[in-house]
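This report refers to the structure that appears directly beneath it.
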Amino acid sequence: MGFSSFTRERNRHTSHSLNEPLQNTQTSGAELEKSIYTILTIDRWESLNHMEYRLASLRPVHGRLALKFLNWVIKQPGLEVNHLTHILCITTHVLVRARMYDFAKSILRHLSELGIGTNSVFGALMDTYRLCNSNPAVFDLLIRVYIREGMVGDAVETFNLMGFRGFRPSVFTCNMILASMVKDRRAGLVWSFFKEMLGRKVCPNVATFNILINALCVEGKLKKAGYLLRKMEDSGYVPTVVTYNTLLNWYCKKGRYKAAFELIDSMGSKGIEADVCTYNMFIDDLCRNNRSAKGYLLLKKMRKKMVFPNEVTYNTLVNGFAKEGKIGVATRLLDEMTLLNLSPNCMTYNALVDGHCSNGNFEEAFRLLDMMEVEGLQPNDVSYGTLLNGLCKHAQFDLAKSVLERMRMKGMVVSCIAYTAMIDGLCKNGLLDEAVQLLYKMSMDCVNPDVITFSVLINGFCRVGKIKNAKEILSKIYKAGFVPNNIIYSTLVYNSCKMGNITEALRIYAVMNRNGCDVDHFTCNMLVTSLCRVGKVVEAEDFMHHMSRVGIGLNSVTFDCIIDGYGNLGDGLKAFSMFDEMNRLGHHPSPFTYGSLLKGLCKGGNLVEAKKFLHKLYYIPSAVDTVLYNTILAEMCKLGNLHEAVVLLDEMVQNSVLPDSYTYSILLSGLCRKGKLVAAILLLGKMMEKENLSPNMVSYSCLVDGLFKAGQSKAALYLYEEMENKGLNPDTIALNTILDGYSRMGKLVQANDLFSTMRGKSLIPNLATYNILLHGYSKKQILVASSRLFSIMMRTGFLPDKFTWHSLILGLCESGMLDVGIKMLKMMIMEGVIADQFTFNMLITKCCETGKMSKAFDLVNIMNSLGVFSDVDTQNSILNGLVRTSSYRESHILLHDMLEKGFIPKCTQYITLINGMCRVGDIQGAFKLKDEMEALGISSHDVAESAMVRGLVRCGKIEEAMLVFDRMLWMKLVPTTATFTSLMHVFCKDANLTQALKLMGIMEHCGVKLDVAAYNVLISGLCVNSDVVSAFELYEEMKQRGLWPNTTTYAVLIEAISAENSLVKGEMLLRDLQERGWISWDWDGSTQQLNEGLIIAMEKIRSTADTAEAWSILNWWDPPVWGCWWAPILGKCEFLNPGGSVKDRVAVKIIEEALESGKLTRGGVVTEGSAGSTAISLATVAPAYGCKCHVVIPDDAAIKKSQILESLGATVERVSKHRKSNQMNGKPLEQTIDYTTGEEKQSTVLPHNCKAGFFADQFENLANYRVHYKGTGPEIWEQTGGSLDAFVAAAGTGGTVAVVSRRNWNQQVNTDFMMAKLDGAFRGTDLEAVEMSRVLLKNDGLFLGSSSAMNCVGAVRVAQSIGPGHIIVTILCDSGMRPLSKFCNAKYLSQHGLTPKATGLEFLGIR
């Protein structure tokens, strides 16, 4: 329908609606005026229609009338879309004819937004085109509207529709379409559209060619762009400055400055002079590429050519020099601007402020701000933001706060950006608590944080591994009404993966998807990489398929991660399968891809195939590089093939692939791993000689680690210092190497200090850091520190791996808590961590050592169920356990099982089993084992027969042993030296020296050389039978044959000559000992001096300790007195310690472990409730460690004890004693007392104002046991030369007897006195202790206390029970100086009936 008919129809409805209200209601004046105005408007349209406006030229008044009518129409109810489109199109035509193009564009924009499509809009315009006698400019306007709205496709479609209707768009419209295509990087469409232009006979202009030249430059086809410029000139087009500037701009971007200057010269020859924009473009590009000096030279060239630089020129140069750190030059340029009357703007000053802040010159930065205000320039947000960023980067937070105050004083609103800058600086400097406080301050200042503020905090917490805190910030984002963006989620995913918590990373990824955040390739590839890193390559491949399903296209990085994962597993077949899939999908492999494939072949043991594949890669351009060689070299070195690695290095050089520093680092690592440290150090020296191969962090770390493992700790620390001096700041891995070294050396205090240093340097400790420290604590059995460190690790967000669990289990096993260790193993499995073979073997070995074979077999079953197969170490441990429990038949069965599994038993295992069977009387079984041993080829026939002989000897069947021995000789089999020695020992013991010497002759006849043990057996036998002359002949024979007599030889001979008083033989022995450096002795010929020399020699033989720990050899072998001939009782003189008792050892160990674990710090207070020696020892030792001591004693304790304690610097608190009831809360006391924690005990003793106190707790502290396990027990064993028959000690806390009693036999520490391995016990009385102390003082000059005296009572009783020829050890744990008020007080003893009366040992029944 036509416009006039449409308006008439609308007029009828409008008149009806207007008249109806007038008849029914009274109309106000304003409404009446509006109605009249509407009627007049419609009438004007009617008159315009009757006047046939189509033929008349329209003026703006007609356009405004059309707009008014349109404004009225669109407000009417019930208007349909086609009616609206019709009226809009007519109005557009009218406006175009009235030359009101901006209004026309606005209406066309509305048309494009109606959603009716390009064809419909174009059709509607065409339908009304003839009605309004419009012109084609309306279609040009439509195309331009589409282009401005970014609808290039609709613009091109309109262009095509115009062609179908015979319209030809203007060249300017076509240029706009071309420019939009270039902007959207649609290179192919540009040229096809240009052809369409030419086909429609649209003549291109200079602007068209400018656009085409820019299109070629965008594609990087600068040569073709230059060709097009020449064609343009040949065709008669005159290029403008814009044309040349376009090409010049791209020449600069690509760094082709020579071609750019040639083009400038070409411009000059054509009469086109470069303007200031041309030079500014050059200078800007030079400054962007850090070539500001070249830009300044160009500035001088501008002046010569009379092209005057403007503010933009100087701003660009100032900014460039400032970024390069040349602040002095930038300042001179600012002064030059002032001389040229060019006013610097805020951008100029901001650039200088940024430069000064980067250099930390904040005083100059503040001066520039003041200068801006003097010049009338108000510093803006950028100025203050730049200053704030600089201050925060340099940790000048106080100055940053003053800047915020200055902004407020200037009336500026401190925005969220300023606060975010400060929070970012605090986070980067590790001040996370301050950052959170600043976030709260933002809220108090009514500044709402945005998502970026929260992102900065989350990134800060993630950087230090505090994922839990990062999640708390994430919850604050939700509370603030924001939705976390994909960057925040990606940050959390990245850091969770970095910390090895892949489960948490996948959980965050799932939340990210549910919230509709776009997941990028980086996040997905990080998850794939993390899955592959933990060996879950199949799951990584499933996730890759998930990526395809959700529309995230796979890229080459994704495939590289999967291929590398299979490569790390040594599954070359899977890696190549994934490689084929990668090629099928069109992804190009990189050198990293080929390196992963090579890694898979190498780790799979296919080195030959790996070399073949490497040679094939030479046919692929740029496939073989240094990284590829480094990959295969690394795998070769890990496998220990150093020779192959060196050959490959030569091949690498021959193929012109230069090794880099990491190549040599790999070789260094391989040499260190093989223990070839000298070669590694020489290689490091060669690297230093080459200027282009300076040693890197990896090189030093490998060598430091190797030196630590080789026990060269001083050299390792020296190398570490050299690394720091060379400016190589150690990273977490390098510091982990030092940490591991300290841990291996047992220096846990230094390890703790280094751990604190790592955190102080903002280095994030990784899981390996915690594992190293945990392992160190576990070896030292410091369970409290292990537990605390484990808690810190968990709070930090690290999940324990198999090494973490292994360290915890190791600590429990070393501390005797085997059952707890097994429970922790089960907990580990429930957490989803599969224990490795090493952890299982450790637990199984401990079970077998303690005779818990059922638990050992349970552990083997768990191993098998988890797919962890037992190895030869597992089988050996079980076999040893069965032998230890005399389960010989089961041991035999296990040997057969080992053979079936491919494990070859050792010869010693068969011999041990033969001896055991003989011991229990199973001679037939022993012979079967011997035959089996020979049949399997485990040993030779003579070794097997010899084992049988020794087994029979050990079970006392001498006749049977001699029968087998004679049979061996008859069969011309040569018995082993140990066999001869065993037989000679039996004969000597039975005083059958003739037979023993006969065996010696047989040995020589068989060609078997006598060793020191054989000679010692014969010499001992001869001495016992008083044939000292023959014994000394054998001694001389030993020396002639080049055998060195040992301590046993000398001890036996000294004993023999002491009985005979042989001066010649005594002198000979002492001379020999002096030559060997054992004693220093000058003899004056007297018998007394000779005897003294022999006594000194005997003491040297028995002990190598210092004075404080020397042995007191008590002459208790005098038959008239003791009745136990030659039963020496050795007393370990612990009363010579600084504190006067054995408790000094305990005090030192308690304080050292407390300091190592952090429970006690220097300057802290050590507290103990004791009136005995432990309190005095703690008071003595504590000041040496910089600590104080607080002792609580009963109020009835001797005054002298409190005086001693106070004299030693301790504070003494006396308390009244009270008796506990037998029940507590209705339960027996025994059930409740064990649940009192160390913290509860500590709180009952320490003052409330003491913040650094530590309760020693001697009865419960495991240090009491460990000090004897690590010190006292080994010392006794070493100082007696292993010749120890009995150990006697009274029980106090139980530490000494519980540990020493088992340490010598089982090497097993006990945590309870009830677990002590006791062969007997004696009950002593107070009177016996008093009597013994007086005897010791009278006969030996030893002034000992009651505990030492009671130990000696027990020692004499043991000597009586076990008879002569045995060595007995006891502890002389305290002196008699301390108990003077009671134990040495005659009046006190008389009151209690303890007055000593004996003159000898008659009180023990010895007359």
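Going by the structure tokens order, chains are called A, B, ..., each with residues numbered from 1, while ligands are numbered from 1 in the order shown.
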What's around Met302 (chain A) at 12 Å? Count only C-alpha atoms, leave out sequence neighbours fewer than 6 positions away in its own chain, and write the answer as a PDB file with all heavy atoms, in the first residue's frame.
ATOM      1  N   GLU A 273      57.869  14.958  -0.150  1.00  0.00           N
ATOM      2  CA  GLU A 273      58.734  15.054   1.004  1.00  0.00           C
ATOM      3  C   GLU A 273      58.104  14.321   2.202  1.00  0.00           C
ATOM      4  O   GLU A 273      56.899  14.401   2.419  1.00  0.00           O
ATOM      5  CB  GLU A 273      58.980  16.526   1.379  1.00  0.00           C
ATOM      6  CG  GLU A 273      59.797  17.284   0.357  1.00  0.00           C
ATOM      7  CD  GLU A 273      61.211  16.744   0.221  1.00  0.00           C
ATOM      8  OE1 GLU A 273      61.719  16.175   1.222  1.00  0.00           O
ATOM      9  OE2 GLU A 273      61.791  16.855  -0.873  1.00  0.00           O
ATOM     10  N   ALA A 274      58.974  13.635   2.944  1.00  0.00           N
ATOM     11  CA  ALA A 274      58.500  12.958   4.156  1.00  0.00           C
ATOM     12  C   ALA A 274      58.073  14.001   5.178  1.00  0.00           C
ATOM     13  O   ALA A 274      58.774  14.987   5.407  1.00  0.00           O
ATOM     14  CB  ALA A 274      59.602  12.079   4.733  1.00  0.00           C
ATOM     15  N   ASP A 275      56.926  13.792   5.757  1.00  0.00           N
ATOM     16  CA  ASP A 275      56.438  14.741   6.751  1.00  0.00           C
ATOM     17  C   ASP A 275      56.783  14.267   8.152  1.00  0.00           C
ATOM     18  O   ASP A 275      57.445  13.240   8.341  1.00  0.00           O
ATOM     19  CB  ASP A 275      54.928  14.941   6.593  1.00  0.00           C
ATOM     20  CG  ASP A 275      54.161  13.637   6.736  1.00  0.00           C
ATOM     21  OD1 ASP A 275      54.800  12.590   6.988  1.00  0.00           O
ATOM     22  OD2 ASP A 275      52.924  13.656   6.593  1.00  0.00           O
ATOM     23  N   VAL A 276      56.343  15.013   9.136  1.00  0.00           N
ATOM     24  CA  VAL A 276      56.673  14.675  10.518  1.00  0.00           C
ATOM     25  C   VAL A 276      56.070  13.333  10.931  1.00  0.00           C
ATOM     26  O   VAL A 276      56.639  12.598  11.741  1.00  0.00           O
ATOM     27  CB  VAL A 276      56.211  15.813  11.451  1.00  0.00           C
ATOM     28  CG1 VAL A 276      54.680  15.899  11.498  1.00  0.00           C
ATOM     29  CG2 VAL A 276      56.748  15.616  12.864  1.00  0.00           C
ATOM     30  N   CYS A 277      54.930  12.980  10.331  1.00  0.00           N
ATOM     31  CA  CYS A 277      54.310  11.675  10.648  1.00  0.00           C
ATOM     32  C   CYS A 277      55.199  10.527  10.187  1.00  0.00           C
ATOM     33  O   CYS A 277      55.315   9.492  10.860  1.00  0.00           O
ATOM     34  CB  CYS A 277      52.940  11.573   9.986  1.00  0.00           C
ATOM     35  SG  CYS A 277      51.738  12.755  10.627  1.00  0.00           S
ATOM     36  N   THR A 278      55.835  10.720   9.027  1.00  0.00           N
ATOM     37  CA  THR A 278      56.733   9.686   8.512  1.00  0.00           C
ATOM     38  C   THR A 278      57.869   9.443   9.491  1.00  0.00           C
ATOM     39  O   THR A 278      58.178   8.300   9.858  1.00  0.00           O
ATOM     40  CB  THR A 278      57.294  10.112   7.152  1.00  0.00           C
ATOM     41  OG1 THR A 278      56.231  10.481   6.279  1.00  0.00           O
ATOM     42  CG2 THR A 278      58.104   8.990   6.529  1.00  0.00           C
ATOM     43  N   TYR A 279      58.501  10.539   9.914  1.00  0.00           N
ATOM     44  CA  TYR A 279      59.630  10.393  10.834  1.00  0.00           C
ATOM     45  C   TYR A 279      59.171   9.873  12.202  1.00  0.00           C
ATOM     46  O   TYR A 279      59.876   9.072  12.842  1.00  0.00           O
ATOM     47  CB  TYR A 279      60.345  11.737  10.983  1.00  0.00           C
ATOM     48  CG  TYR A 279      61.194  12.077   9.770  1.00  0.00           C
ATOM     49  CD1 TYR A 279      60.762  13.002   8.831  1.00  0.00           C
ATOM     50  CD2 TYR A 279      62.423  11.457   9.586  1.00  0.00           C
ATOM     51  CE1 TYR A 279      61.529  13.324   7.732  1.00  0.00           C
ATOM     52  CE2 TYR A 279      63.204  11.774   8.475  1.00  0.00           C
ATOM     53  CZ  TYR A 279      62.757  12.693   7.551  1.00  0.00           C
ATOM     54  OH  TYR A 279      63.521  12.986   6.458  1.00  0.00           O
ATOM     55  N   ASN A 280      58.014  10.324  12.646  1.00  0.00           N
ATOM     56  CA  ASN A 280      57.505   9.831  13.928  1.00  0.00           C
ATOM     57  C   ASN A 280      57.299   8.327  13.907  1.00  0.00           C
ATOM     58  O   ASN A 280      57.534   7.617  14.890  1.00  0.00           O
ATOM     59  CB  ASN A 280      56.195  10.530  14.283  1.00  0.00           C
ATOM     60  CG  ASN A 280      56.409  11.932  14.785  1.00  0.00           C
ATOM     61  OD1 ASN A 280      57.539  12.350  15.009  1.00  0.00           O
ATOM     62  ND2 ASN A 280      55.330  12.684  14.938  1.00  0.00           N
ATOM     63  N   PHE A 282      58.993   6.224  12.040  1.00  0.00           N
ATOM     64  CA  PHE A 282      60.319   5.630  12.117  1.00  0.00           C
ATOM     65  C   PHE A 282      60.836   5.620  13.547  1.00  0.00           C
ATOM     66  O   PHE A 282      61.318   4.601  14.051  1.00  0.00           O
ATOM     67  CB  PHE A 282      61.302   6.444  11.248  1.00  0.00           C
ATOM     68  CG  PHE A 282      61.548   5.829   9.912  1.00  0.00           C
ATOM     69  CD1 PHE A 282      60.913   6.306   8.795  1.00  0.00           C
ATOM     70  CD2 PHE A 282      62.429   4.766   9.784  1.00  0.00           C
ATOM     71  CE1 PHE A 282      61.145   5.742   7.578  1.00  0.00           C
ATOM     72  CE2 PHE A 282      62.668   4.200   8.560  1.00  0.00           C
ATOM     73  CZ  PHE A 282      62.028   4.687   7.429  1.00  0.00           C
ATOM     74  N   ILE A 283      60.752   6.760  14.192  1.00  0.00           N
ATOM     75  CA  ILE A 283      61.281   6.894  15.548  1.00  0.00           C
ATOM     76  C   ILE A 283      60.539   5.974  16.514  1.00  0.00           C
ATOM     77  O   ILE A 283      61.147   5.340  17.386  1.00  0.00           O
ATOM     78  CB  ILE A 283      61.192   8.373  16.003  1.00  0.00           C
ATOM     79  CG1 ILE A 283      62.164   9.231  15.184  1.00  0.00           C
ATOM     80  CG2 ILE A 283      61.481   8.505  17.487  1.00  0.00           C
ATOM     81  CD1 ILE A 283      62.000  10.716  15.383  1.00  0.00           C
ATOM     82  N   GLY A 295      66.860   6.525  16.886  1.00  0.00           N
ATOM     83  CA  GLY A 295      65.736   7.441  16.742  1.00  0.00           C
ATOM     84  C   GLY A 295      66.153   8.877  16.949  1.00  0.00           C
ATOM     85  O   GLY A 295      65.686   9.792  16.257  1.00  0.00           O
ATOM     86  N   TYR A 296      67.073   9.110  17.890  1.00  0.00           N
ATOM     87  CA  TYR A 296      67.544  10.480  18.134  1.00  0.00           C
ATOM     88  C   TYR A 296      68.358  10.998  16.950  1.00  0.00           C
ATOM     89  O   TYR A 296      68.279  12.183  16.590  1.00  0.00           O
ATOM     90  CB  TYR A 296      68.371  10.511  19.412  1.00  0.00           C
ATOM     91  CG  TYR A 296      68.786  11.911  19.819  1.00  0.00           C
ATOM     92  CD1 TYR A 296      67.838  12.803  20.311  1.00  0.00           C
ATOM     93  CD2 TYR A 296      70.100  12.330  19.685  1.00  0.00           C
ATOM     94  CE1 TYR A 296      68.197  14.090  20.683  1.00  0.00           C
ATOM     95  CE2 TYR A 296      70.473  13.610  20.049  1.00  0.00           C
ATOM     96  CZ  TYR A 296      69.519  14.492  20.547  1.00  0.00           C
ATOM     97  OH  TYR A 296      69.870  15.768  20.900  1.00  0.00           O
ATOM     98  N   PHE A 308      60.077  19.875  11.255  1.00  0.00           N
ATOM     99  CA  PHE A 308      60.149  20.201  12.678  1.00  0.00           C
ATOM    100  C   PHE A 308      59.428  19.151  13.518  1.00  0.00           C
ATOM    101  O   PHE A 308      58.244  18.862  13.275  1.00  0.00           O
ATOM    102  CB  PHE A 308      59.537  21.593  12.914  1.00  0.00           C
ATOM    103  CG  PHE A 308      60.264  22.668  12.185  1.00  0.00           C
ATOM    104  CD1 PHE A 308      59.719  23.228  11.032  1.00  0.00           C
ATOM    105  CD2 PHE A 308      61.502  23.093  12.641  1.00  0.00           C
ATOM    106  CE1 PHE A 308      60.401  24.214  10.351  1.00  0.00           C
ATOM    107  CE2 PHE A 308      62.181  24.100  11.948  1.00  0.00           C
ATOM    108  CZ  PHE A 308      61.644  24.663  10.797  1.00  0.00           C
ATOM    109  N   PRO A 309      60.147  18.591  14.492  1.00  0.00           N
ATOM    110  CA  PRO A 309      59.506  17.583  15.353  1.00  0.00           C
ATOM    111  C   PRO A 309      58.437  18.221  16.228  1.00  0.00           C
ATOM    112  O   PRO A 309      58.524  19.391  16.585  1.00  0.00           O
ATOM    113  CB  PRO A 309      60.673  17.047  16.196  1.00  0.00           C
ATOM    114  CG  PRO A 309      61.703  18.125  16.164  1.00  0.00           C
ATOM    115  CD  PRO A 309      61.556  18.843  14.843  1.00  0.00           C
ATOM    116  N   ASN A 310      57.434  17.435  16.546  1.00  0.00           N
ATOM    117  CA  ASN A 310      56.358  17.916  17.406  1.00  0.00           C
ATOM    118  C   ASN A 310      56.389  17.181  18.756  1.00  0.00           C
ATOM    119  O   ASN A 310      57.337  16.454  19.062  1.00  0.00           O
ATOM    120  CB  ASN A 310      54.999  17.745  16.714  1.00  0.00           C
ATOM    121  CG  ASN A 310      54.768  16.292  16.279  1.00  0.00           C
ATOM    122  OD1 ASN A 310      55.460  15.386  16.739  1.00  0.00           O
ATOM    123  ND2 ASN A 310      53.818  16.083  15.389  1.00  0.00           N
ATOM    124  N   THR A 313      56.875  13.419  18.640  1.00  0.00           N
ATOM    125  CA  THR A 313      58.254  12.976  18.395  1.00  0.00           C
ATOM    126  C   THR A 313      59.028  12.881  19.702  1.00  0.00           C
ATOM    127  O   THR A 313      59.671  11.860  20.003  1.00  0.00           O
ATOM    128  CB  THR A 313      58.960  13.970  17.451  1.00  0.00           C
ATOM    129  OG1 THR A 313      58.107  14.306  16.363  1.00  0.00           O
ATOM    130  CG2 THR A 313      60.251  13.384  16.931  1.00  0.00           C
TER     131      THR A 313
END
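Ranking A:Val190, A:Ala634, A:Val318, A:Met347 by their shortest atom-to-atom distance to Leu334 (chain A), with only C-alpha atoms included, puts A:Val318 first.
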Region 232-242 of chain A surroundings by only C-alpha atoms, 9 Å radius, close-in-sequence under 4 positions cut, as a ChimeraX atom specification:
/A:205-207,209-210,227-228,246-247,267,272-275,278
Could you name the residues that touch region 1066-1072 of chain A at 8 Å or less, counting only C-alpha atoms, but leaving out those on the same chain fewer than 5 positions away, as JSON, numbers by chain?
{"A": [1050, 1054, 1057, 1061, 1079, 1081, 1090, 1093, 1094, 1097]}
Write the residues of the selection above to a file with all heavy atoms, as a short mmCIF file (atom, residue, chain, number, x, y, z; two decimals), in the first residue's frame.
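See result06.cif below for the written result:
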data_model
loop_
_atom_site.label_atom_id
_atom_site.label_comp_id
_atom_site.auth_asym_id
_atom_site.auth_seq_id
_atom_site.Cartn_x
_atom_site.Cartn_y
_atom_site.Cartn_z
N TYR A 1050 97.25 -60.08 71.21
CA TYR A 1050 98.03 -59.41 72.24
C TYR A 1050 97.41 -59.59 73.64
O TYR A 1050 98.13 -59.75 74.64
CB TYR A 1050 98.15 -57.91 71.92
CG TYR A 1050 99.09 -57.64 70.77
CD1 TYR A 1050 98.63 -57.14 69.57
CD2 TYR A 1050 100.46 -57.91 70.90
CE1 TYR A 1050 99.48 -56.89 68.51
CE2 TYR A 1050 101.34 -57.66 69.84
CZ TYR A 1050 100.84 -57.15 68.65
OH TYR A 1050 101.70 -56.91 67.62
N ILE A 1054 99.56 -61.19 76.60
CA ILE A 1054 99.85 -60.38 77.79
C ILE A 1054 99.36 -61.07 79.04
O ILE A 1054 100.02 -61.09 80.09
CB ILE A 1054 99.22 -58.98 77.64
CG1 ILE A 1054 99.96 -58.16 76.58
CG2 ILE A 1054 99.22 -58.23 78.97
CD1 ILE A 1054 99.30 -56.84 76.23
N ILE A 1057 101.92 -63.95 79.85
CA ILE A 1057 103.23 -63.57 80.40
C ILE A 1057 103.08 -62.86 81.74
O ILE A 1057 104.02 -62.81 82.52
CB ILE A 1057 104.01 -62.69 79.41
CG1 ILE A 1057 103.27 -61.40 79.14
CG2 ILE A 1057 104.29 -63.44 78.13
CD1 ILE A 1057 104.06 -60.44 78.27
N ASN A 1061 105.59 -63.74 84.57
CA ASN A 1061 106.56 -62.67 84.80
C ASN A 1061 107.80 -62.83 83.91
O ASN A 1061 108.95 -62.69 84.35
CB ASN A 1061 107.00 -62.61 86.27
CG ASN A 1061 105.88 -62.14 87.18
OD1 ASN A 1061 105.10 -61.28 86.77
ND2 ASN A 1061 105.79 -62.72 88.37
N ILE A 1079 101.27 -47.94 71.74
CA ILE A 1079 101.68 -47.39 73.03
C ILE A 1079 102.98 -46.61 72.86
O ILE A 1079 103.69 -46.77 71.86
CB ILE A 1079 101.88 -48.51 74.09
CG1 ILE A 1079 103.00 -49.46 73.67
CG2 ILE A 1079 100.59 -49.23 74.38
CD1 ILE A 1079 103.40 -50.44 74.77
N TRP A 1081 106.38 -46.17 75.12
CA TRP A 1081 106.92 -46.82 76.32
C TRP A 1081 108.44 -46.86 76.26
O TRP A 1081 109.03 -47.19 75.22
CB TRP A 1081 106.34 -48.23 76.42
CG TRP A 1081 106.87 -49.06 77.56
CD1 TRP A 1081 106.59 -48.90 78.87
CD2 TRP A 1081 107.77 -50.17 77.45
NE1 TRP A 1081 107.25 -49.84 79.61
CE2 TRP A 1081 107.98 -50.66 78.76
CE3 TRP A 1081 108.40 -50.82 76.37
CZ2 TRP A 1081 108.80 -51.75 79.03
CZ3 TRP A 1081 109.21 -51.89 76.63
CH2 TRP A 1081 109.41 -52.35 77.97
N LEU A 1090 108.01 -52.91 83.64
CA LEU A 1090 107.51 -53.84 82.63
C LEU A 1090 106.05 -54.18 82.90
O LEU A 1090 105.20 -54.18 81.99
CB LEU A 1090 108.35 -55.11 82.61
CG LEU A 1090 107.94 -56.18 81.59
CD1 LEU A 1090 108.17 -55.68 80.18
CD2 LEU A 1090 108.71 -57.47 81.82
N GLY A 1093 103.90 -51.31 82.06
CA GLY A 1093 103.73 -51.22 80.61
C GLY A 1093 102.72 -52.20 80.08
O GLY A 1093 101.91 -51.88 79.19
N LEU A 1094 102.73 -53.41 80.65
CA LEU A 1094 101.75 -54.41 80.23
C LEU A 1094 100.33 -53.99 80.61
O LEU A 1094 99.38 -54.21 79.85
CB LEU A 1094 102.09 -55.76 80.85
CG LEU A 1094 103.36 -56.44 80.32
CD1 LEU A 1094 103.67 -57.68 81.14
CD2 LEU A 1094 103.21 -56.81 78.84
N ALA A 1097 99.32 -51.34 78.20
CA ALA A 1097 99.01 -51.97 76.91
C ALA A 1097 97.63 -52.61 76.94
O ALA A 1097 96.85 -52.51 75.99
CB ALA A 1097 100.08 -53.00 76.56
#
So which one's closest to Leu682 (chain A), A:Val1212, A:Leu668, A:Cys1023, A:Met984? Using only C-alpha atoms, please.
A:Leu668
Could you check the closest approach to Ser1157 (chain A) for each of A:Val964, A:Ala1014, A:Ile782, A:Ala856 and tell me which residue wins, using only C-alpha atoms?
A:Ile782
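Among the candidates A:Leu952, A:Leu767, A:Ile562, A:Leu368, the one nearest to Asn501 (chain A) when counting only C-alpha atoms is A:Leu767.
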Which is closer to Thr769 (chain A) than all the others in A:Phe803, A:Asp370, A:Ala1355, A:Val698, using only C-alpha atoms?
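Comparing A:Phe803, A:Asp370, A:Ala1355, A:Val698 against Thr769 (chain A), the winner is A:Phe803.
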For Gly821 (chain A), please output as a ChimeraX atom specification all residues within 10 Å (counting only C-alpha atoms; exclusion window: fewer than 2 positions along the same chain).
/A:805-806,808-819,823-827,843
Please provide as an MDAnalysis selection string all residues within 10 Å of Val1166 (chain A), with the sequence filter that same-chain residues fewer than 3 positions apart are discarded (counting only C-alpha atoms).
chainID A and resid 1150:1151 1154 1160:1161 1163 1175 1178:1179 1182 1187:1191 1210 1246 1252:1257
Within 12 Å of Gly1354 (chain A), counting only C-alpha atoms, which residues qualify if same-chain residues fewer than 2 places away don't, as number ranges by chain?
A: 1129, 1286-1291, 1320-1325, 1328-1329, 1332, 1347-1352, 1356-1361, 1368-1371, 1404
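Every residue of region 1124-1188 of chain A with a DSSP assignment of strand (DSSP E), taken from the backbone, is listed as Ile1129, Leu1130, Gly1131, Lys1132, Cys1133, Val1165, Val1166, Thr1167, Glu1168, Gly1169 and Lys1188 of chain A.
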Let me make sure I understand: among A:Ser415, A:Asn1025, A:Asn495, A:Thr331, which one has the smallest atom-to-atom distance to Arg463 (chain A) if we use only C-alpha atoms?
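Closest to Arg463 (chain A) of all the choices is A:Asn495.
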